[in-house]
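**Q** File name input-v8.txt; file contents compact mmCIF, C-alpha atoms and all ligand atoms; full text below.
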# COMPACT_ATOMS: atom_id res chain seq x y z
CA MET W 8 -105.61 182.21 221.89
CA ALA W 9 -103.48 181.63 218.80
CA THR W 10 -105.11 179.96 215.81
CA GLU W 11 -103.86 176.37 215.50
CA LEU W 12 -102.52 175.89 211.96
CA LEU W 13 -103.79 172.47 210.87
CA TYR W 14 -102.04 172.58 207.48
CA LEU W 15 -98.62 172.52 209.16
CA ARG W 16 -99.09 168.84 210.09
CA ASP W 17 -101.58 167.76 207.41
CA ALA W 18 -101.38 169.51 204.05
CA TYR W 19 -104.04 167.14 202.68
CA LEU W 20 -106.79 168.24 205.10
CA ARG W 21 -109.52 169.78 202.92
CA SER W 22 -112.41 170.11 205.37
CA PHE W 23 -112.46 170.97 209.08
CA GLU W 24 -114.62 172.20 211.96
CA ALA W 25 -113.72 175.18 214.10
CA SER W 26 -115.08 177.70 216.58
CA VAL W 27 -115.27 181.40 215.82
CA VAL W 28 -113.08 183.25 218.35
CA ALA W 29 -113.30 186.82 216.99
CA ILE W 30 -115.01 188.81 214.25
CA ASP W 31 -114.03 192.00 212.47
CA GLU W 32 -117.20 193.59 211.06
CA VAL W 33 -115.37 196.40 209.27
CA ALA W 34 -113.32 194.01 207.11
CA ASN W 35 -116.02 191.27 207.18
CA ARG W 36 -113.66 188.60 208.47
CA VAL W 37 -113.49 185.98 211.21
CA ALA W 38 -110.73 184.41 213.32
CA LEU W 39 -110.99 180.72 214.30
CA ASP W 40 -109.48 178.51 217.01
CA VAL W 41 -108.13 176.15 214.31
CA THR W 42 -107.85 176.46 210.52
CA ALA W 43 -106.78 174.48 207.48
CA PHE W 44 -106.79 177.66 205.33
CA TYR W 45 -103.25 178.73 204.40
CA PRO W 46 -102.71 182.48 204.95
CA THR W 47 -100.56 184.39 202.44
CA GLY W 48 -96.91 184.14 203.48
CA GLY W 49 -93.53 182.60 202.74
CA GLY W 50 -94.09 183.27 199.03
CA GLN W 51 -97.22 181.08 198.94
CA ALA W 52 -100.60 182.66 198.10
CA ASN W 53 -103.57 182.16 200.44
CA ASP W 54 -106.19 179.45 200.07
CA THR W 55 -109.78 180.15 199.07
CA GLY W 56 -112.90 178.05 199.68
CA THR W 57 -115.98 178.33 201.87
CA LEU W 58 -116.53 178.92 205.58
CA ALA W 59 -119.98 178.68 207.23
CA GLY W 60 -121.44 178.66 203.70
CA ALA W 61 -119.78 181.93 202.62
CA ALA W 62 -116.94 182.24 200.09
CA VAL W 63 -113.49 182.85 201.64
CA THR W 64 -111.84 185.54 199.51
CA ASP W 65 -108.67 186.25 201.53
CA VAL W 66 -106.74 184.68 204.41
CA ARG W 67 -104.18 186.63 206.45
CA LYS W 68 -102.19 185.87 209.56
CA GLU W 69 -101.98 188.92 211.84
CA GLY W 70 -100.32 188.39 215.20
CA GLU W 71 -101.65 185.17 216.66
CA HIS W 72 -104.88 185.05 214.64
CA VAL W 73 -105.62 183.81 211.15
CA TRP W 74 -108.34 186.04 209.64
CA HIS W 75 -110.69 184.70 206.95
CA THR W 76 -112.39 187.38 204.83
CA LEU W 77 -115.91 186.31 203.83
CA ALA W 78 -118.12 187.35 200.91
CA GLY W 79 -121.25 186.75 203.01
CA THR W 80 -122.78 186.93 206.48
CA LEU W 81 -120.37 186.65 209.41
CA PRO W 82 -121.06 183.80 211.87
CA ALA W 83 -121.33 184.78 215.57
CA VAL W 84 -118.44 184.51 218.05
CA GLY W 85 -118.60 181.10 219.73
CA SER W 86 -120.45 179.37 216.89
CA ARG W 87 -119.21 176.14 215.29
CA VAL W 88 -118.45 176.40 211.59
CA THR W 89 -117.26 174.11 208.79
CA GLY W 90 -114.48 175.18 206.44
CA ASP W 91 -113.81 173.68 203.02
CA ILE W 92 -110.63 174.44 201.10
CA ASP W 93 -110.75 174.93 197.32
CA TRP W 94 -108.67 171.81 196.76
CA ASP W 95 -107.82 172.36 193.07
CA ARG W 96 -106.20 175.69 193.91
CA ARG W 97 -104.45 174.39 197.05
CA HIS W 98 -103.08 171.27 195.38
CA ALA W 99 -101.76 173.40 192.51
CA LEU W 100 -100.00 175.61 195.11
CA MET W 101 -98.55 172.53 196.83
CA ARG W 102 -97.17 171.22 193.53
CA THR W 103 -95.72 174.66 192.76
CA HIS W 104 -94.17 175.11 196.21
CA THR W 105 -92.50 171.70 196.09
CA ALA W 106 -91.23 172.44 192.55
CA LEU W 107 -89.51 175.58 193.88
CA HIS W 108 -87.75 173.65 196.65
CA VAL W 109 -86.57 171.11 194.06
CA LEU W 110 -85.29 174.05 191.98
CA CYS W 111 -83.39 175.40 195.03
CA GLY W 112 -81.86 171.98 195.70
CA VAL W 113 -80.81 171.45 192.09
CA ILE W 114 -79.25 174.93 191.79
CA TRP W 115 -77.39 174.52 195.05
CA ASN W 116 -76.06 171.05 194.15
CA GLN W 117 -75.04 172.04 190.63
CA TRP W 118 -73.84 175.65 191.03
CA ARG W 119 -73.64 176.33 194.82
CA VAL W 120 -75.78 179.44 194.40
CA PRO W 121 -78.34 180.49 197.05
CA VAL W 122 -81.85 181.77 196.51
CA THR W 123 -82.62 185.42 197.29
CA GLY W 124 -86.41 185.55 196.92
CA GLY W 125 -89.46 184.24 195.17
CA ASN W 126 -93.21 184.18 194.81
CA MET W 127 -95.78 181.67 193.60
CA GLU W 128 -99.31 181.49 192.28
CA PRO W 129 -101.05 178.22 191.39
CA LEU W 130 -98.84 176.48 188.77
CA ALA W 131 -96.69 179.58 188.10
CA ALA W 132 -93.74 181.01 190.01
CA ARG W 133 -90.67 183.16 189.92
CA MET W 134 -87.51 182.69 191.93
CA ASP W 135 -84.38 184.84 192.24
CA PHE W 136 -80.85 183.49 192.66
CA GLU W 137 -77.43 185.02 193.30
CA PHE W 138 -76.03 184.12 189.85
CA ASP W 139 -73.52 186.49 188.25
CA PRO W 140 -73.75 185.90 185.35
CA LEU W 141 -76.15 183.07 184.50
CA PRO W 142 -74.23 180.03 183.18
CA GLU W 143 -74.38 179.29 179.42
CA GLY W 144 -77.51 177.31 178.49
CA PHE W 145 -78.88 177.69 181.98
CA GLY W 146 -82.64 177.61 181.20
CA PRO W 147 -82.75 174.26 179.34
CA ASN W 148 -80.17 172.74 181.71
CA VAL W 149 -81.98 173.60 184.91
CA GLU W 150 -85.31 172.48 183.43
CA ARG W 151 -83.85 169.06 182.56
CA LEU W 152 -82.22 168.66 186.01
CA VAL W 153 -85.38 169.68 187.89
CA ASN W 154 -87.58 167.35 185.83
CA ALA W 155 -85.22 164.43 186.49
CA GLU W 156 -85.53 165.04 190.25
CA LEU W 157 -89.33 165.33 190.01
CA ALA W 158 -89.57 162.05 188.08
CA ALA W 159 -87.36 160.35 190.71
CA ALA W 160 -90.35 160.40 193.13
CA ARG W 161 -88.32 161.54 196.14
CA PRO W 162 -90.33 161.44 199.37
CA ILE W 163 -91.01 164.73 201.18
CA GLU W 164 -90.96 164.63 204.96
CA VAL W 165 -92.14 167.36 207.30
CA VAL W 166 -90.49 167.28 210.73
CA PHE W 167 -90.46 169.58 213.74
CA LEU W 168 -87.01 170.12 215.27
CA PRO W 169 -85.98 171.88 218.48
CA ARG W 170 -84.26 175.15 217.57
CA GLU W 171 -80.92 173.93 219.07
CA THR W 172 -80.94 170.93 216.70
CA ALA W 173 -81.99 172.89 213.61
CA VAL W 174 -79.30 175.58 213.91
CA GLU W 175 -76.60 172.86 213.99
CA ASP W 176 -77.84 171.15 210.81
CA GLU W 177 -75.48 171.89 207.91
CA ASP W 178 -78.20 171.73 205.25
CA LEU W 179 -80.36 174.14 207.21
CA ILE W 180 -77.47 176.55 207.90
CA ARG W 181 -77.08 177.23 204.17
CA THR W 182 -80.76 178.24 204.02
CA LYS W 183 -80.14 180.77 206.82
CA VAL W 184 -82.06 178.99 209.60
CA SER W 185 -80.29 181.28 212.08
CA MET W 186 -82.38 184.20 210.74
CA ILE W 187 -85.49 182.71 212.37
CA PRO W 188 -86.29 184.74 215.54
CA ASP W 189 -85.02 183.30 218.85
CA SER W 190 -88.59 183.20 220.13
CA VAL W 191 -89.31 180.27 217.76
CA THR W 192 -88.34 177.19 219.81
CA GLU W 193 -89.57 174.54 217.37
CA ILE W 194 -88.63 174.74 213.70
CA ARG W 195 -90.66 173.08 210.97
CA VAL W 196 -88.43 171.50 208.37
CA VAL W 197 -89.48 170.38 204.88
CA ASP W 198 -87.08 167.68 203.71
CA ILE W 199 -87.10 166.53 200.09
CA VAL W 200 -85.09 163.50 201.07
CA GLY W 201 -81.60 163.54 199.58
CA LEU W 202 -82.09 166.82 197.72
CA ASP W 203 -83.20 169.86 199.71
CA LYS W 204 -83.94 170.66 203.33
CA GLN W 205 -85.39 174.00 204.46
CA ALA W 206 -87.10 175.58 207.43
CA ASP W 207 -90.49 176.28 205.88
CA GLY W 208 -94.11 176.96 206.80
CA GLY W 209 -95.67 176.08 203.44
CA THR W 210 -97.73 173.17 202.13
CA HIS W 211 -96.09 170.47 200.03
CA VAL W 212 -97.00 167.29 198.16
CA ARG W 213 -95.90 163.86 199.46
CA THR W 214 -93.48 162.85 196.68
CA THR W 215 -91.81 164.87 193.94
CA ASP W 216 -93.55 163.01 191.10
CA GLU W 217 -96.87 164.42 192.35
CA VAL W 218 -95.63 167.82 191.09
CA GLY W 219 -95.60 166.79 187.42
CA ARG W 220 -93.06 168.68 185.32
CA VAL W 221 -91.75 172.24 185.14
CA ARG W 222 -91.20 174.48 182.12
CA VAL W 223 -88.77 177.36 182.41
CA ILE W 224 -90.62 180.27 180.79
CA LYS W 225 -87.78 182.77 180.90
CA THR W 226 -84.75 184.02 182.78
CA GLU W 227 -84.23 187.70 183.55
CA ASN W 228 -81.31 189.80 184.71
CA LYS W 229 -82.49 191.78 187.75
CA GLY W 230 -79.06 193.29 188.42
CA LYS W 231 -75.71 192.22 189.83
CA GLY W 232 -75.92 188.91 191.68
CA ASN W 233 -79.66 188.70 191.07
CA LYS W 234 -81.13 186.58 188.27
CA ARG W 235 -84.81 185.68 188.01
CA ILE W 236 -86.25 182.38 186.76
CA ARG W 237 -89.91 182.17 185.75
CA LEU W 238 -91.44 178.74 185.48
CA GLU W 239 -94.76 176.98 185.18
CA VAL W 240 -95.82 173.59 186.50
CA VAL W 241 -97.51 171.22 184.07
CA ASP W 242 -98.79 167.65 184.21
CA ALA W 243 -96.13 164.97 183.68
ZN ZN W 301 -90.87 177.08 200.80
Would you mind writing the file's structure down as structure tokens?
Ligand SMILES: [Zn+2]
**A**
Amino acid sequence: MATELLYLRDAYLRSFEASVVAIDEVANRVALDVTAFYPTGGGQANDTGTLAGAAVTDVRKEGEHVWHTLAGTLPAVGSRVTGDIDWDRRHALMRTHTALHVLCGVIWNQWRVPVTGGNMEPLAARMDFEFDPLPEGFGPNVERLVNAELAAARPIEVVFLPRETAVEDEDLIRTKVSMIPDSVTEIRVVDIVGLDKQADGGTHVRTTDEVGRVRVIKTENKGKGNKRIRLEVVDA
């Protein structure tokens, strides 16, 4: 049975109960029927916290199961366990992930340039865009534009769309929604209302002002049509 991913519908769930469905003694990890722990993926780092009293040091999705690596004794298959997310880390990742979507929206609106990749840690991230070359004064300009959108307190809505609907949506087409495998019949969409809409499996804050502010740390030339932006997220 596939692990139900509770964070997809409620990113603010910090504590949950679950049943152990499988254990892996070699890697000292457990799979659950449901989880609020985010597994590494989509550029977002995994959650940490505690499960059945043991520290959770890594979370990975493999096939249909989410595996939680524990720094302690494994609970038995079939037992009920309580999980608690390290909320400071998770909320920092939510702020950072939303900041990156705001950055994508701003860059698309201003320069019509798509994103090519990215990665985030709590309150720090890098993102690559198809610029060639970077516009004059880009760093300070993009920082000012992003911070204006964050301060505007735009709501962020998470909706689930049938695949047929999602692939017809113009905003989603530009973010390459068609690349999602055909086997996915329902597509989760994160909509920063009026700014950026993407098919996305990550966790986000409720309004953009919850992010705080961003600081562009540096921009780097990673080759033709590939420019990297490094930023950090700070309190407003
Ligand atoms: Zn995302």
**Q** Which residues, written as a list in words, have at least one atom at most 9 Å from Gly49 (chain W), with all atoms listed in the file counted and residues fewer than 5 positions away on the same chain left out?
**A**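 Contacts, with the query itself left out: Gly125, Asn126, Asp207, Gly208 and Gly209 of chain W.
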**Q** Of the residues W:Asn154, W:Thr123, W:Thr182, W:Asn233, which is the one nearest to Thr215 (chain W), using all atoms listed in the file?
**A**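 Distance minimum relative to Thr215 (chain W) lands on W:Asn154.
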**Q** Find the residues near ligand ZN 301 (chain W). Use a cut-off of 12 Å, count only C-alpha atoms and all ligand atoms, and write them as a VMD selection string.
**A** chain W and resid 48 to 52 100 to 112 122 124 to 127 132 134 165 182 195 to 199 203 to 212
**Q** Could you give me, as a list in words, the residues within 12 Å of Asn116 (chain W), counting all atoms listed in the file and dropping anything in the same chain fewer than 3 positions from it?
**A**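 Near Asn116 (chain W), the qualifying residues are Val109, Leu110, Cys111, Gly112, Val113, Arg119, Val120, Pro121, Val149, Leu152, Val153, Glu156, Asp178, Arg181, Gly201, Leu202 and Asp203 of chain W.
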**Q** Would you please work out which residue, of W:Arg213, W:Lys183, W:Lys68, W:Arg151, is nearest to Glu11 (chain W) when using only C-alpha atoms?
**A**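 Nearest candidate to Glu11 (chain W) out of W:Arg213, W:Lys183, W:Lys68, W:Arg151: W:Lys68.
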**Q** One number please: CA of Asp17 (chain W) to CA of Val200 (chain W), in Å, one decimal.
**A**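 According to the coordinates, CA of Asp17 (chain W) and CA of Val200 (chain W) are separated by 18.2 Å.
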**Q** Using only C-alpha atoms, determine which residues lie at most 12 Å from Pro169 (chain W), disregarding the query and same-chain residues fewer than 5 positions distant; provide the list as a ChimeraX atom specification.
**A** /W:174-176,189-196,206
